[in-house]
file final_4.cif (mmCIF, C-alpha atoms)
data_target
#
loop_
_atom_site.label_atom_id
_atom_site.label_comp_id
_atom_site.auth_asym_id
_atom_site.auth_seq_id
_atom_site.Cartn_x
_atom_site.Cartn_y
_atom_site.Cartn_z
CA MET C 1 104.52 133.21 106.59
CA ASN C 2 103.20 133.39 103.05
CA ASP C 3 102.32 130.70 100.52
CA ALA C 4 105.78 130.76 98.97
CA ASP C 5 107.33 129.99 102.36
CA VAL C 6 105.01 127.04 102.87
CA ILE C 7 105.73 125.71 99.39
CA THR C 8 109.48 126.05 99.94
CA ALA C 9 109.20 124.22 103.25
CA VAL C 10 107.15 121.39 101.73
CA LYS C 11 109.63 120.99 98.89
CA ALA C 12 112.51 120.91 101.35
CA SER C 13 110.77 118.28 103.44
CA TYR C 14 110.82 115.85 100.49
CA ALA C 15 114.33 116.69 99.36
CA GLY C 16 115.65 113.43 100.76
CA ILE C 17 113.35 111.34 98.59
CA HIS C 18 115.04 109.88 95.53
CA MET C 19 114.01 107.39 92.88
CA ASP C 20 116.63 104.66 92.84
CA VAL C 21 115.29 102.27 90.20
CA PRO C 22 118.02 101.94 87.55
CA LEU C 23 117.27 103.16 84.05
CA ASP C 24 118.03 99.78 82.50
CA VAL C 25 115.32 98.15 84.64
CA ILE C 26 112.80 100.70 83.40
CA GLU C 27 113.87 100.27 79.79
CA GLY C 28 113.79 96.47 80.03
CA ARG C 29 110.26 96.53 81.33
CA GLY C 30 109.29 99.06 78.64
CA ARG C 31 110.70 96.83 75.92
CA ARG C 32 108.66 93.89 77.18
CA LEU C 33 105.54 96.06 77.16
CA ARG C 34 106.25 97.02 73.56
CA ALA C 35 106.75 93.39 72.61
CA HIS C 36 103.42 92.43 74.15
CA ARG C 37 101.73 95.17 72.17
CA ARG C 38 103.11 93.90 68.89
CA LEU C 39 101.22 90.65 69.22
CA PRO C 40 97.58 91.72 69.23
CA GLY C 41 96.64 89.25 66.53
CA LEU C 42 98.24 86.39 68.35
CA ALA C 43 96.60 87.47 71.57
CA GLY C 44 93.26 87.53 69.80
CA VAL C 45 93.74 84.02 68.50
CA ALA C 46 94.88 82.85 71.92
CA GLY C 47 91.87 84.47 73.51
CA THR C 48 89.54 82.79 71.05
CA VAL C 49 91.16 79.43 71.70
CA ALA C 50 90.86 79.97 75.45
CA ILE C 51 87.19 80.84 75.14
CA LEU C 52 86.55 77.75 73.00
CA ALA C 53 88.46 75.59 75.47
CA LEU C 54 86.47 76.99 78.35
CA ALA C 55 83.22 76.42 76.48
CA ALA C 56 84.26 72.84 75.74
CA ALA C 57 85.19 72.28 79.38
CA LEU C 58 81.81 73.58 80.49
CA VAL C 59 79.93 71.47 77.95
CA PHE C 60 81.83 68.26 78.53
CA GLY C 61 82.72 68.81 82.20
CA SER C 62 86.27 67.64 81.65
CA GLY C 63 88.19 70.69 82.90
CA ARG C 64 89.61 69.23 86.07
CA ALA C 65 90.08 65.72 84.81
CA ALA C 66 92.91 66.92 82.64
CA ALA C 67 95.03 67.65 85.69
CA PRO C 68 97.00 64.50 86.50
CA GLY C 69 96.37 63.78 90.12
CA GLY C 70 96.54 67.37 91.10
CA SER C 71 94.75 70.53 91.75
CA THR C 72 94.12 73.35 89.34
CA GLY C 73 94.01 77.05 89.82
CA THR C 74 90.32 77.08 90.55
CA GLY C 75 89.45 77.82 86.95
CA ARG C 76 91.23 81.18 86.80
CA LEU C 77 92.30 81.01 83.21
CA THR C 78 94.19 84.28 83.44
CA ALA C 79 96.07 83.52 86.62
CA TRP C 80 97.82 80.34 87.62
CA THR C 81 97.55 76.59 87.68
CA VAL C 82 99.05 74.23 90.24
CA VAL C 83 99.36 70.60 89.22
CA SER C 84 100.91 67.79 91.28
CA GLN C 85 103.17 65.71 89.09
CA PRO C 86 103.55 61.94 89.29
CA GLY C 87 107.21 62.31 90.32
CA GLY C 88 106.29 64.17 93.47
CA GLY C 89 106.86 67.64 92.12
CA VAL C 90 104.35 70.43 91.95
CA ARG C 91 104.23 72.40 88.73
CA VAL C 92 103.02 75.98 88.85
CA ALA C 93 102.14 77.65 85.56
CA LEU C 94 101.55 81.38 85.43
CA ARG C 95 99.44 83.03 82.76
CA GLY C 96 99.07 86.60 81.74
CA SER C 97 101.21 89.61 82.50
CA GLN C 98 99.26 90.49 85.62
CA ILE C 99 99.16 87.51 87.93
CA ARG C 100 96.21 87.88 90.21
CA ASP C 101 95.23 86.27 93.46
CA LEU C 102 98.68 85.70 94.87
CA ALA C 103 97.11 84.83 98.21
CA GLY C 104 95.14 82.08 96.47
CA LEU C 105 98.30 80.68 94.92
CA GLN C 106 100.03 80.81 98.28
CA ASP C 107 97.13 79.00 99.95
CA ARG C 108 97.20 76.36 97.23
CA LEU C 109 100.91 75.72 97.63
CA ARG C 110 100.57 75.52 101.39
CA GLY C 111 97.64 73.18 100.91
CA ASP C 112 99.94 70.94 98.90
CA GLY C 113 102.33 70.78 101.83
CA ILE C 114 104.77 73.44 100.71
CA PRO C 115 105.78 76.08 103.27
CA ALA C 116 105.42 78.93 100.83
CA ARG C 117 105.32 82.68 100.63
CA VAL C 118 104.05 84.26 97.42
CA ALA C 119 104.46 87.99 96.99
CA ARG C 120 104.91 90.72 94.48
CA ILE C 121 107.95 92.37 95.93
CA GLY C 122 108.30 95.10 93.38
CA TYR C 123 110.97 97.16 91.77
CA ARG C 124 112.70 98.52 94.79
CA ARG C 125 112.43 96.21 97.73
CA PRO C 126 115.16 93.62 97.40
CA PRO C 127 113.80 90.10 97.67
CA LEU C 128 116.20 89.41 100.51
CA ASN C 129 114.36 91.93 102.63
CA VAL C 130 110.85 90.50 102.76
CA PRO C 131 109.20 91.35 106.07
CA GLY C 132 108.90 88.36 108.34
CA CYS C 133 111.14 86.19 106.18
CA ARG C 134 114.74 85.13 106.42
CA VAL C 135 115.63 84.77 102.76
CA PHE C 136 118.68 82.91 101.55
CA GLY C 137 119.91 85.08 98.74
CA ASP C 138 122.79 83.09 97.42
CA TRP C 139 124.35 79.74 97.75
CA SER C 140 126.84 79.59 100.48
CA PRO C 141 128.56 76.62 102.07
CA VAL C 142 129.04 78.53 105.30
CA PRO C 143 126.82 77.71 108.28
CA GLY C 144 123.49 79.41 107.86
CA GLY C 145 123.65 79.40 104.07
CA ILE C 146 122.15 76.97 101.61
CA SER C 147 123.90 75.12 98.86
CA ARG C 148 123.21 75.49 95.16
CA ALA C 149 122.59 71.76 95.09
CA LEU C 150 119.77 72.13 97.61
CA TRP C 151 118.21 75.01 95.66
CA LEU C 152 118.31 72.89 92.52
CA LYS C 153 116.79 69.91 94.31
CA ILE C 154 113.92 72.05 95.60
CA PHE C 155 113.13 73.87 92.37
CA TYR C 156 114.46 71.61 89.65
CA GLY C 157 114.30 68.09 91.04
CA PRO C 158 115.29 65.76 88.25
CA HIS C 159 115.03 68.49 85.62
CA THR C 160 118.10 69.87 83.95
CA GLY C 161 118.49 72.90 81.78
CA GLN C 162 116.39 76.03 81.78
CA GLN C 163 112.91 76.09 83.18
CA SER C 164 110.18 78.07 81.54
CA LYS C 165 109.79 81.76 82.24
CA ARG C 166 106.12 81.10 82.91
CA ALA C 167 106.24 77.90 84.94
CA PHE C 168 108.26 76.46 87.74
CA TRP C 169 108.44 73.32 89.81
CA VAL C 170 108.70 72.78 93.53
CA TYR C 171 109.65 69.43 95.03
CA PRO C 172 108.19 69.36 98.55
CA SER C 173 110.08 66.24 99.54
CA ALA C 174 113.36 68.06 98.85
CA ILE C 175 112.59 70.88 101.25
CA PRO C 176 114.39 70.23 104.54
CA ARG C 177 112.44 70.67 107.73
CA GLY C 178 112.61 74.30 108.78
CA LEU C 179 112.91 75.72 105.28
CA GLY C 180 110.35 76.97 102.79
CA VAL C 181 110.09 78.75 99.47
CA LEU C 182 109.52 82.34 98.45
CA VAL C 183 108.01 83.04 95.04
CA ASP C 184 108.43 86.62 93.89
CA ILE C 185 105.98 87.39 91.10
CA TYR C 186 107.25 90.20 88.91
CA TYR C 187 105.11 92.81 87.20
CA ASP C 188 105.42 91.12 83.83
CA GLY C 189 104.21 87.77 85.12
CA THR C 190 107.62 86.14 85.44
CA PHE C 191 109.00 85.12 88.81
CA GLY C 192 111.96 84.63 91.11
CA LEU C 193 112.46 81.63 93.38
CA TYR C 194 114.15 81.74 96.77
CA VAL C 195 114.62 79.52 99.78
CA VAL C 196 113.52 80.96 103.10
CA ARG C 197 113.51 79.94 106.73
CA ALA C 198 110.05 78.54 107.43
CA SER C 199 108.20 80.48 110.10
CA PRO C 200 104.60 81.41 110.85
CA PRO C 201 104.93 85.04 109.67
CA CYS C 202 106.74 84.02 106.51
CA THR C 203 105.43 80.70 105.32
CA GLY C 204 102.51 80.11 107.63
CA SER C 205 104.11 77.31 109.59
CA MET R 1 122.54 104.62 72.35
CA SER R 2 119.90 105.92 69.94
CA GLN R 3 118.63 109.47 70.08
CA GLU R 4 115.31 108.16 71.34
CA GLN R 5 117.04 106.33 74.18
CA ALA R 6 119.14 109.34 75.01
CA ASP R 7 116.05 111.53 75.16
CA PHE R 8 114.28 109.11 77.43
CA ALA R 9 117.33 108.72 79.67
CA ALA R 10 117.54 112.49 80.04
CA PHE R 11 113.83 112.68 80.78
CA TYR R 12 114.08 109.91 83.38
CA GLU R 13 117.12 111.48 85.02
CA GLY R 14 115.53 114.90 85.19
CA SER R 15 112.02 113.88 86.23
CA ARG R 16 112.17 110.77 88.33
CA ASP R 17 112.64 112.40 91.73
CA ASP R 18 109.91 114.97 91.21
CA CYS R 19 107.52 112.32 89.93
CA LEU R 20 108.32 110.09 92.88
CA ARG R 21 107.78 112.90 95.38
CA THR R 22 104.47 113.78 93.74
CA VAL R 23 103.18 110.23 93.84
CA LEU R 24 104.57 109.66 97.32
CA ALA R 25 102.66 112.66 98.62
CA VAL R 26 99.48 111.03 97.34
CA VAL R 27 99.97 107.33 98.11
CA ARG R 28 101.97 107.83 101.34
CA ASP R 29 104.11 104.71 100.99
CA VAL R 30 107.55 105.09 99.52
CA ASP R 31 107.89 101.51 98.27
CA LYS R 32 104.51 101.59 96.60
CA ALA R 33 105.27 105.00 95.13
CA GLN R 34 108.56 103.73 93.71
CA ASP R 35 106.82 100.78 92.11
CA LEU R 36 104.05 102.87 90.61
CA VAL R 37 106.41 105.49 89.25
CA ALA R 38 108.78 102.87 87.87
CA GLU R 39 105.92 101.14 86.09
CA ALA R 40 104.66 104.48 84.77
CA PHE R 41 108.11 105.34 83.41
CA ALA R 42 108.32 101.91 81.82
CA ARG R 43 105.02 102.56 80.08
CA ALA R 44 106.29 105.98 79.04
CA TRP R 45 109.32 104.32 77.46
CA ALA R 46 107.09 101.75 75.77
CA SER R 47 105.13 104.62 74.20
CA TRP R 48 107.93 107.14 74.09
CA ARG R 49 107.21 108.49 70.63
CA ARG R 50 103.77 109.51 71.80
CA VAL R 51 104.66 110.52 75.35
CA SER R 52 107.62 112.63 74.26
CA ARG R 53 105.23 114.77 72.25
CA HIS R 54 102.87 115.16 75.20
CA PRO R 55 102.65 118.77 76.38
CA ALA R 56 103.52 117.69 79.93
CA PRO R 57 105.29 114.31 79.93
CA ARG R 58 105.95 114.41 83.67
CA ALA R 59 102.26 114.93 84.30
CA TRP R 60 101.59 111.94 82.01
CA VAL R 61 103.89 109.80 84.15
CA VAL R 62 102.29 110.94 87.39
CA ARG R 63 98.78 110.45 86.11
CA THR R 64 99.68 106.99 84.84
CA ALA R 65 101.24 106.11 88.20
CA LEU R 66 98.20 107.31 90.11
CA ASN R 67 95.85 105.45 87.77
CA LEU R 68 97.96 102.34 88.25
CA GLY R 69 97.64 102.85 91.99
CA VAL R 70 93.88 102.83 91.77
CA SER R 71 93.67 99.79 89.51
CA SER R 72 96.41 98.06 91.51
CA TRP R 73 94.40 98.49 94.68
CA ARG R 74 91.33 97.07 92.99
CA ARG R 75 93.30 94.19 91.54
CA HIS R 76 95.49 93.29 94.47
CA ARG R 77 93.29 93.84 97.47
CA ARG R 78 93.10 90.06 97.92
CA GLU R 79 96.82 89.62 97.66
CA LEU R 80 98.99 88.76 100.57
CA PRO R 81 99.99 91.91 102.37
CA LEU R 82 103.63 92.14 103.34
CA THR R 83 103.26 92.63 107.02
CA ASP R 84 105.10 95.89 107.48
CA HIS R 85 104.26 97.46 104.14
CA ASP R 86 101.75 99.72 105.75
CA VAL R 87 104.39 101.46 107.79
CA PRO R 88 105.13 104.67 105.92
CA ALA R 89 108.77 105.27 105.21
CA TYR R 90 109.44 108.68 103.79
CA GLY R 91 113.18 108.59 103.66
CA PRO R 92 115.51 110.65 105.74
CA ALA R 93 113.90 113.74 107.16
CA THR R 94 116.53 116.41 107.31
CA SER R 95 115.07 118.08 110.36
CA GLN R 96 112.25 117.81 112.82
CA VAL R 97 110.27 120.46 110.99
CA ASN R 98 110.48 118.40 107.81
CA ALA R 99 109.07 115.38 109.56
CA GLU R 100 106.29 117.53 111.00
CA LEU R 101 105.48 118.96 107.58
CA VAL R 102 105.49 115.56 105.92
CA ALA R 103 103.12 114.30 108.58
CA ALA R 104 100.92 117.36 108.14
CA LEU R 105 100.80 116.80 104.39
CA GLN R 106 99.86 113.17 104.91
CA ARG R 107 96.95 114.22 107.09
CA LEU R 108 95.39 116.36 104.38
CA PRO R 109 92.38 114.97 102.52
CA ALA R 110 93.34 112.99 99.43
CA ARG R 111 92.28 115.60 96.88
CA GLN R 112 94.17 118.34 98.68
CA ARG R 113 97.28 116.15 98.75
CA GLN R 114 96.95 115.53 95.02
CA VAL R 115 96.63 119.22 94.26
CA VAL R 116 99.54 120.16 96.50
CA ALA R 117 101.72 117.44 95.01
CA LEU R 118 101.03 118.42 91.41
CA ARG R 119 101.39 122.13 92.04
CA ILE R 120 104.44 121.98 94.27
CA PHE R 121 106.51 119.08 93.03
CA LEU R 122 105.65 119.17 89.34
CA ASP R 123 105.11 122.94 89.16
CA LEU R 124 101.96 122.41 87.15
CA ASP R 125 99.73 125.41 86.72
CA THR R 126 96.08 125.39 87.73
CA ALA R 127 94.81 124.42 84.29
CA HIS R 128 97.16 121.44 83.93
CA THR R 129 96.51 120.31 87.49
CA ALA R 130 92.79 120.43 86.80
CA GLU R 131 93.30 118.43 83.62
CA VAL R 132 95.37 115.74 85.32
CA LEU R 133 92.90 115.34 88.16
CA GLY R 134 89.80 115.74 86.01
CA ILE R 135 88.37 118.54 88.09
CA ALA R 136 87.52 122.18 87.49
CA PRO R 137 90.26 124.82 87.76
CA GLY R 138 88.29 126.62 90.44
CA THR R 139 88.21 123.44 92.49
CA VAL R 140 91.98 123.18 92.20
CA THR R 141 92.37 126.68 93.53
CA ALA R 142 90.02 126.01 96.41
CA HIS R 143 91.80 122.80 97.41
CA LEU R 144 95.19 124.45 97.17
CA THR R 145 94.10 127.37 99.32
CA ARG R 146 92.71 125.07 101.99
CA ALA R 147 95.78 122.87 101.92
CA LEU R 148 98.24 125.74 102.20
CA THR R 149 96.20 127.25 105.00
CA ALA R 150 96.32 123.98 106.92
CA LEU R 151 100.04 123.52 106.29
CA ARG R 152 100.76 127.10 107.30
CA ALA R 153 98.90 126.56 110.56
CA GLU R 154 100.91 123.42 111.25
CA LEU R 155 104.15 125.24 110.55
CA ALA R 156 103.17 128.18 112.70
CA ALA R 157 102.21 125.88 115.55
CA TYR R 158 105.52 124.11 115.31
CA GLU R 159 107.45 127.33 115.24
CA SER R 160 105.61 128.74 118.23
CA GLU R 161 106.23 125.52 120.18
CA GLY R 162 109.84 125.43 119.17
CA THR R 163 110.59 129.07 120.09
CA PRO R 164 111.66 129.66 123.69
CA SER R 165 109.30 132.06 125.41
#

call {"tool": "encode", "arguments": {"input": "final_4.cif", "output": "structure tokens"}}
result
Amino acid sequence: MNDADVITAVKASYAGIHMDVPLDVIEGRGRRLRAHRRLPGLAGVAGTVAILALAAALVFGSGRAAAPGGSTGTGRLTAWTVVSQPGGGVRVALRGSQIRDLAGLQDRLRGDGIPARVARIGYRRPPLNVPGCRVFGDWSPVPGGISRALWLKIFYGPHTGQQSKRAFWVYPSAIPRGLGVLVDIYYDGTFGLYVVRASPPCTGS
Amino acid sequence: MSQEQADFAAFYEGSRDDCLRTVLAVVRDVDKAQDLVAEAFARAWASWRRVSRHPAPRAWVVRTALNLGVSSWRRHRRELPLTDHDVPAYGPATSQVNAELVAALQRLPARQRQVVALRIFLDLDTAHTAEVLGIAPGTVTAHLTRALTALRAELAAYESEGTPS
């Protein structure tokens, strides 16, 4: 057996591997990357403001006091902030295109009494197929499904209209016993929200 | 569709499987490889005017994907692991020998896997492979020789086991 035979065999062994991410998904992500690049000046200003705000918080020690009755994202200015709202909701704000410390966000949500799973599921793996989780993908009135009304109560509460692409709400009191939430953080820092069956491997409880 | 879009679509259609196979051979996890390659293609589209003039655009995509893999590991090592993500899934093996070969390739040292992947799946020559990996051409040749020797031995062993005596 010569080298050419080995190379042919190796190629054949991967012949069943195919990239199945649709072109429009790739192009959409590429367009967002281009858009981000076009705003360097704005990003610079925003960065300067953030640095000044951080300096002010350090000088005056008022960083956490600004959060109304809630907890903040442990000072990670480029990651996320979790704030408990007076109405019983929990607001999660995401910052930056690369959300870091997903485990920290998950711990924070669980610490606030929300059976939660936070993951970056990625391009290919469908969110309904998260290991360890039974994910409710759509609203179905049939037994075993969840209603759209319940999904709205959990993630919108009293809100109406569109939520922000960079922030979402969870209403723990609206989550029925036995259910939890799945937050899928996308590559560009946006997210998807799903209801899951609460279980130790999925939501920790 | 603009000409630029059409060019990129043709590039994606003609390169995506080879790029995926190359990255998969290195990272050994098909979901992770898909994500890395998808992100690399997205970045290629974001910079298409520049990437389309690159002497080896497919190598650019693979290098970007592999670089993303390194920085992703550094960035996400504290993230919640999805419990069965570490189970390699290589797609349908068409025969037992394919599965054996895939496993043999996965057992090679990382640098040998990289060289094999770039040479075999992307058909890069020694100079381009060396450039992508940032190593000397002679080192590429040495790694490739060792890797092919190991793979040949695996294949020979399989064939001798599989042949009735």

call {"tool": "atom_distance", "arguments": {"input": "final_4.cif", "atom1": "atom CA of Ser205 of chain C", "atom2": "atom CA of Gly192 of chain C"}}
result
21.4 Å

call {"tool": "resolve_selection", "arguments": {"input": "final_4.cif", "expression": "the PyMOL selection byres ((chain C) within 9 of (chain R))", "output": "VMD selection string"}}
result
chain C and resid 1 to 3 5 to 21 23 25 to 35 100 to 104 106 117 to 125 130 to 132 187 201

call {"tool": "closest_residue", "arguments": {"input": "final_4.cif", "among": "R:Ile135, R:Leu118, R:Ala157, R:Leu144", "to": "Trp60 of chain R", "atoms": "all atoms listed in the file"}}
result
R:Leu118

call {"tool": "closest_residue", "arguments": {"input": "final_4.cif", "among": "R:Gly69, R:Pro109, R:Pro57, R:Gly138", "to": "Leu124 of chain R", "atoms": "all atoms listed in the file"}}
result
R:Pro57

call {"tool": "atom_distance", "arguments": {"input": "final_4.cif", "atom1": "atom CA of Arg95 of chain C", "atom2": "atom CA of Ala79 of chain C"}}
result
5.1 Å

call {"tool": "atom_distance", "arguments": {"input": "final_4.cif", "atom1": "atom CA of Lys153 of chain C", "atom2": "atom CA of Ala174 of chain C"}}
result
6.0 Å

call {"tool": "residues_near_point", "arguments": {"input": "final_4.cif", "point": "(109.7, 82.1, 107.9)", "cutoff": "10 Å", "atoms": "all atoms listed in the file", "output": "list of chain:residue names"}}
result
C:Pro115, C:Ala116, C:Arg117, C:Val130, C:Pro131, C:Gly132, C:Cys133, C:Arg134, C:Val135, C:Gly178, C:Leu179, C:Gly180, C:Val181, C:Leu182, C:Val195, C:Val196, C:Arg197, C:Ala198, C:Ser199, C:Pro200, C:Pro201, C:Cys202, C:Thr203, C:Gly204, C:Ser205

call {"tool": "closest_residue", "arguments": {"input": "final_4.cif", "among": "R:Ala147, R:Ala142, R:Gly134, R:Thr129", "to": "Arg107 of chain R", "atoms": "all atoms listed in the file"}}
result
R:Ala147

call {"tool": "closest_residue", "arguments": {"input": "final_4.cif", "among": "C:Ala4, C:Asn129, C:Val90, C:Asp24", "to": "Tyr156 of chain C", "atoms": "all atoms listed in the file"}}
result
C:Val90

call {"tool": "closest_residue", "arguments": {"input": "final_4.cif", "among": "C:Phe191, C:Leu105, C:Gly88, C:Ser147", "to": "Pro172 of chain C", "atoms": "only C-alpha atoms"}}
result
C:Gly88

call {"tool": "resolve_selection", "arguments": {"input": "final_4.cif", "expression": "the PyMOL selection byres ((chain R and resi 56) around 12)", "output": "list in words"}}
result
Phe11, Ser15, Arg50, Val51, Ser52, Arg53, His54, Pro55, Pro57, Arg58, Ala59, Trp60, Val61, Val62, Arg63, Leu118, Leu122, Asp123, Leu124, Asp125, Ala127, His128, Thr129, Glu131 and Val132 of chain R
